[in-house]
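**Student:** So that we are looking at the same thing, I have put the structure below in structure tokens.
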Amino acid sequence: MKNSKLFTPIAFTLMLLASLTNEAQEFQPLDKSPMDATSFPQSWKESNKLIRINYGRPQLKDRSIEKLAPAGKVWRTGANEAAELTLYVDMKLGGTKVPAGIYTFYLIPGEKEWTAIINTDLNVWGSYFYKEENDVARLSVPVSNNNKSLEAFSMAFKKSDDGVHLHAGWGNIRIAIPFTE
Amino acid sequence: MKTTRLFTTIAFAFMMLVSFNVDAQKFRGLDTSPMDAASIGRGNKQLAKVYYSRPQLKGRTIGEDLAPYGKVWRTGANEATQLILNMDMNLNGTKIKAGSYSLFTIPGEKEWEVIVSSDINNWGSSGYKKENTVASIKAPVTMSDKSLEAFSMAFEPSDDGVHLHIGWDKVRVAVTFTK
């Protein structure tokens, strides 16, 4: 039969292909929105950290912030998994004390102010599983604008008078979230 | 005076430039060896996770210009790889308590030593202290047909725990953590 004759070489080719590319484990390629981390103190020589955040870094690619991080909706603060905030010491966000530990960190974008949220859920993809009842602290901060546009979503810590500010920037938008000791 | 006027104009131009580009905070660009994570189990059922950075071969050779044989390696780039265990696990007969660790390796031609260390938040292998080793194992190297340009890690479930796979170029190393 013609069909079975044809089938054999095809099956054989497929098997060969499979065996050539067969890997005991699938390794993932580099992510389009790569993960990054920033911590305070920022110096790599200082391993005794106060605070750290791990987050994915999406890029604008000619899209608007309004589209990428819509106003009024809980945002994962980056890409892929929700940003992960580690406090190595007890800190305060606004007036709320947050015990040392690992948390998810969300943002609700807005035109004039953005709201920062610390939540006890962990290892969650996006903001699809966000549960408000697991919030630990919330704080709204004003938006400022900068002339320089940042292509990749960016975060950095900077020392303040009474603690540390988490600066976030994307496009022309800048916000600063005060953590106090 | 002409010179003064010119100077003022230049100074003013510079000041304008500076004021336009100034950011209260220096934001860093994307990393050439981006950070990534590999984990097993979702949400609150997550068993283990690694945070690591992913250097790329770019025509260089493992064991020589990258991950030199016989030397403690950060297992990636930038900060040492961070291993997070969400439950107590065993490596090579040693119990490791749930927690956060650094994962160092000593690459070799035939086997790699994989070291779980209690030193954390260290850049490179600078924080490595032998006395802070919690558990270690020597794992044989296998060679794959496929070359991986970027340093890669992945978990795979096993009957009684997880395999942590490490791959770069054609080199593959796997270690098993048991429950």
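Residue numbering restarts at 1 for every chain of the structure tokens, chains are lettered A, B, ... in their displayed order, and ligands are numbered from 1 as they appear.
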Residues of chain A within 8 Å of chain B, counting only C-alpha atoms - could you list those as number ranges by chain?

**Tutor:** A: 20-21, 23, 25-31, 34-37, 44-49, 57, 122-124, 146-148, 152, 154-156, 158, 167, 169

**Student:** Next, dump the selected residues to file, keeping only N, CA and C atoms, as an mmCIF file, in the first residue's frame.

**Tutor:**
```cif
data_model
loop_
_atom_site.group_PDB
_atom_site.id
_atom_site.type_symbol
_atom_site.label_atom_id
_atom_site.label_comp_id
_atom_site.auth_asym_id
_atom_site.auth_seq_id
_atom_site.Cartn_x
_atom_site.Cartn_y
_atom_site.Cartn_z
ATOM 1 N N LEU A 20 16.706 13.981 17.846
ATOM 2 C CA LEU A 20 17.791 14.949 17.725
ATOM 3 C C LEU A 20 17.568 16.140 18.647
ATOM 4 N N THR A 21 16.323 16.547 18.760
ATOM 5 C CA THR A 21 16.040 17.721 19.569
ATOM 6 C C THR A 21 15.538 17.321 20.953
ATOM 7 N N GLU A 23 15.282 16.539 24.602
ATOM 8 C CA GLU A 23 16.010 17.050 25.752
ATOM 9 C C GLU A 23 15.282 16.479 26.954
ATOM 10 N N GLN A 25 14.886 17.744 29.551
ATOM 11 C CA GLN A 25 14.126 18.825 30.138
ATOM 12 C C GLN A 25 14.016 19.976 29.150
ATOM 13 N N GLU A 26 12.864 20.592 29.078
ATOM 14 C CA GLU A 26 12.699 21.765 28.230
ATOM 15 C C GLU A 26 13.287 22.980 28.937
ATOM 16 N N PHE A 27 14.232 23.632 28.293
ATOM 17 C CA PHE A 27 14.764 24.877 28.832
ATOM 18 C C PHE A 27 14.082 26.043 28.119
ATOM 19 N N GLN A 28 13.757 27.060 28.864
ATOM 20 C CA GLN A 28 13.069 28.212 28.289
ATOM 21 C C GLN A 28 14.066 29.174 27.630
ATOM 22 N N PRO A 29 13.665 29.768 26.497
ATOM 23 C CA PRO A 29 14.529 30.803 25.902
ATOM 24 C C PRO A 29 14.502 32.081 26.752
ATOM 25 N N LEU A 30 15.320 33.051 26.377
ATOM 26 C CA LEU A 30 15.325 34.329 27.108
ATOM 27 C C LEU A 30 13.957 34.990 27.003
ATOM 28 N N ASP A 31 13.542 35.620 28.079
ATOM 29 C CA ASP A 31 12.226 36.238 28.144
ATOM 30 C C ASP A 31 12.227 37.600 27.435
ATOM 31 N N PRO A 34 12.425 40.699 30.290
ATOM 32 C CA PRO A 34 13.311 40.009 31.226
ATOM 33 C C PRO A 34 13.077 40.413 32.670
ATOM 34 N N MET A 35 13.331 39.468 33.550
ATOM 35 C CA MET A 35 13.244 39.747 34.971
ATOM 36 C C MET A 35 14.445 40.588 35.369
ATOM 37 N N ASP A 36 14.267 41.384 36.378
ATOM 38 C CA ASP A 36 15.382 42.140 36.923
ATOM 39 C C ASP A 36 15.127 42.285 38.417
ATOM 40 N N ALA A 37 16.138 42.737 39.129
ATOM 41 C CA ALA A 37 15.989 42.934 40.572
ATOM 42 C C ALA A 37 16.707 44.206 40.954
ATOM 43 N N TRP A 44 26.696 46.377 45.246
ATOM 44 C CA TRP A 44 26.831 44.922 45.211
ATOM 45 C C TRP A 44 27.734 44.427 46.318
ATOM 46 N N LYS A 45 28.498 45.379 46.908
ATOM 47 C CA LYS A 45 29.397 44.956 47.987
ATOM 48 C C LYS A 45 28.634 44.736 49.286
ATOM 49 N N GLU A 46 27.424 45.279 49.354
ATOM 50 C CA GLU A 46 26.632 45.196 50.581
ATOM 51 C C GLU A 46 25.622 44.055 50.465
ATOM 52 N N SER A 47 25.888 42.963 51.196
ATOM 53 C CA SER A 47 24.964 41.832 51.111
ATOM 54 C C SER A 47 23.891 41.905 52.194
ATOM 55 N N ASN A 48 24.044 42.851 53.110
ATOM 56 C CA ASN A 48 23.057 43.029 54.171
ATOM 57 C C ASN A 48 21.984 44.008 53.701
ATOM 58 N N LYS A 49 20.961 43.472 53.006
ATOM 59 C CA LYS A 49 19.964 44.329 52.353
ATOM 60 C C LYS A 49 18.810 44.664 53.288
ATOM 61 N N ARG A 57 10.434 43.248 33.104
ATOM 62 C CA ARG A 57 10.606 44.554 32.476
ATOM 63 C C ARG A 57 10.074 44.594 31.049
ATOM 64 N N LEU A 122 1.616 34.921 47.006
ATOM 65 C CA LEU A 122 2.961 34.751 46.445
ATOM 66 C C LEU A 122 2.921 33.890 45.195
ATOM 67 N N ASN A 123 3.945 34.060 44.365
ATOM 68 C CA ASN A 123 4.122 33.220 43.176
ATOM 69 C C ASN A 123 2.896 33.227 42.277
ATOM 70 N N VAL A 124 2.394 34.418 41.982
ATOM 71 C CA VAL A 124 1.194 34.510 41.144
ATOM 72 C C VAL A 124 1.523 35.155 39.803
ATOM 73 N N ASN A 146 8.544 63.202 33.441
ATOM 74 C CA ASN A 146 9.930 63.494 33.141
ATOM 75 C C ASN A 146 10.064 63.626 31.627
ATOM 76 N N ASN A 147 10.984 64.501 31.209
ATOM 77 C CA ASN A 147 11.158 64.709 29.765
ATOM 78 C C ASN A 147 11.756 63.502 29.066
ATOM 79 N N LYS A 148 12.478 62.704 29.844
ATOM 80 C CA LYS A 148 13.162 61.562 29.250
ATOM 81 C C LYS A 148 12.232 60.351 29.284
ATOM 82 N N ALA A 152 12.067 50.756 28.773
ATOM 83 C CA ALA A 152 11.758 49.582 29.609
ATOM 84 C C ALA A 152 11.233 50.043 30.967
ATOM 85 N N SER A 154 11.054 50.458 34.678
ATOM 86 C CA SER A 154 12.263 50.529 35.508
ATOM 87 C C SER A 154 11.931 50.826 36.963
ATOM 88 N N MET A 155 12.667 50.207 37.865
ATOM 89 C CA MET A 155 12.521 50.525 39.274
ATOM 90 C C MET A 155 13.895 50.656 39.928
ATOM 91 N N ALA A 156 13.970 51.486 40.948
ATOM 92 C CA ALA A 156 15.229 51.692 41.669
ATOM 93 C C ALA A 156 14.929 52.247 43.051
ATOM 94 N N LYS A 158 16.114 54.521 46.404
ATOM 95 C CA LYS A 158 16.979 55.636 46.763
ATOM 96 C C LYS A 158 16.717 56.007 48.216
ATOM 97 N N HIS A 167 11.489 54.099 43.478
ATOM 98 C CA HIS A 167 11.155 54.892 42.292
ATOM 99 C C HIS A 167 10.765 53.951 41.162
ATOM 100 N N GLY A 169 9.551 54.056 36.961
ATOM 101 C CA GLY A 169 9.445 54.905 35.778
ATOM 102 C C GLY A 169 9.173 54.091 34.540
#
```

**Student:** Enumerate as a PyMOL selection string all residues of segment 18-175 of chain B assigned to strand (DSSP E or B) by DSSP on the backbone, naming them with the chain letters and numbers the document uses.

**Tutor:** chain B and resi 35-40+48-53+56+62+66+73+79+81-85+89-91+94-96+99-106+111-117+123+133-140+142-158+161-175

**Student:** I need the helix (DSSP H, G or I) residues of segment 42-84 of chain A per DSSP on the backbone, written as a list in words.

**Tutor:**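 Output for segment 42-84 of chain A, helix (DSSP H, G or I) only: Ile65, Glu66, Lys67 and Leu68 of chain A.
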
**Student:** Atom CA of Gly110 of chain A and atom CA of Ser149 of chain A, how far apart in Å?

**Tutor:** 18.0 Å

**Student:** For each of A:Glu84, A:Glu111, A:Asp162, A:Asp90, take the minimum atom-to-atom distance to Gly72 of chain A, counting only C-alpha atoms, then give the residue where this is smallest.

**Tutor:** A:Glu111

**Student:** Considering only C-alpha atoms, return as a list in words whatever protein or nucleic-acid residues lie within 7 Å of Met87 of chain B, sequence-local ones (same chain, fewer than 5 positions apart) excluded.

**Tutor:**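 Here the answer would be Leu47, Lys97 and Ala98 of chain B.
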
**Student:** For a test of reading the model, state the distance in Å between atom CA of Ala135 of chain B and atom CA of Thr94 of chain B, rounded to one decimal.

**Tutor:**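 Computed distance, atom CA of Ala135 of chain B to atom CA of Thr94 of chain B, equals 6.0 Å.
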
**Student:** Leaving out Arg63 of chain A and any residue of its chain fewer than 3 positions from it, which residues lie within 12 Å of it when counting only C-alpha atoms, given as a list in words?

**Tutor:**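 Contacts, with the query itself left out: Pro58, Gln59, Leu60, Glu66, Lys67, Leu68, Ala69, Pro70, Glu151, Ala152, Trp170 and Gly171 of chain A.
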
**Student:** Calculate how many Å separate atom CA of Leu83 of chain B from atom CA of Met143 of chain B, rounding to one decimal.

**Tutor:**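 Between these atoms lies a distance of 24.5 Å.
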
**Student:** Excluding same-chain residues fewer than 6 positions from Gly95 of chain A, what lies within 12 Å of it counting only C-alpha atoms, as a PyMOL selection string?

**Tutor:** chain A and resi 136-140+178-181
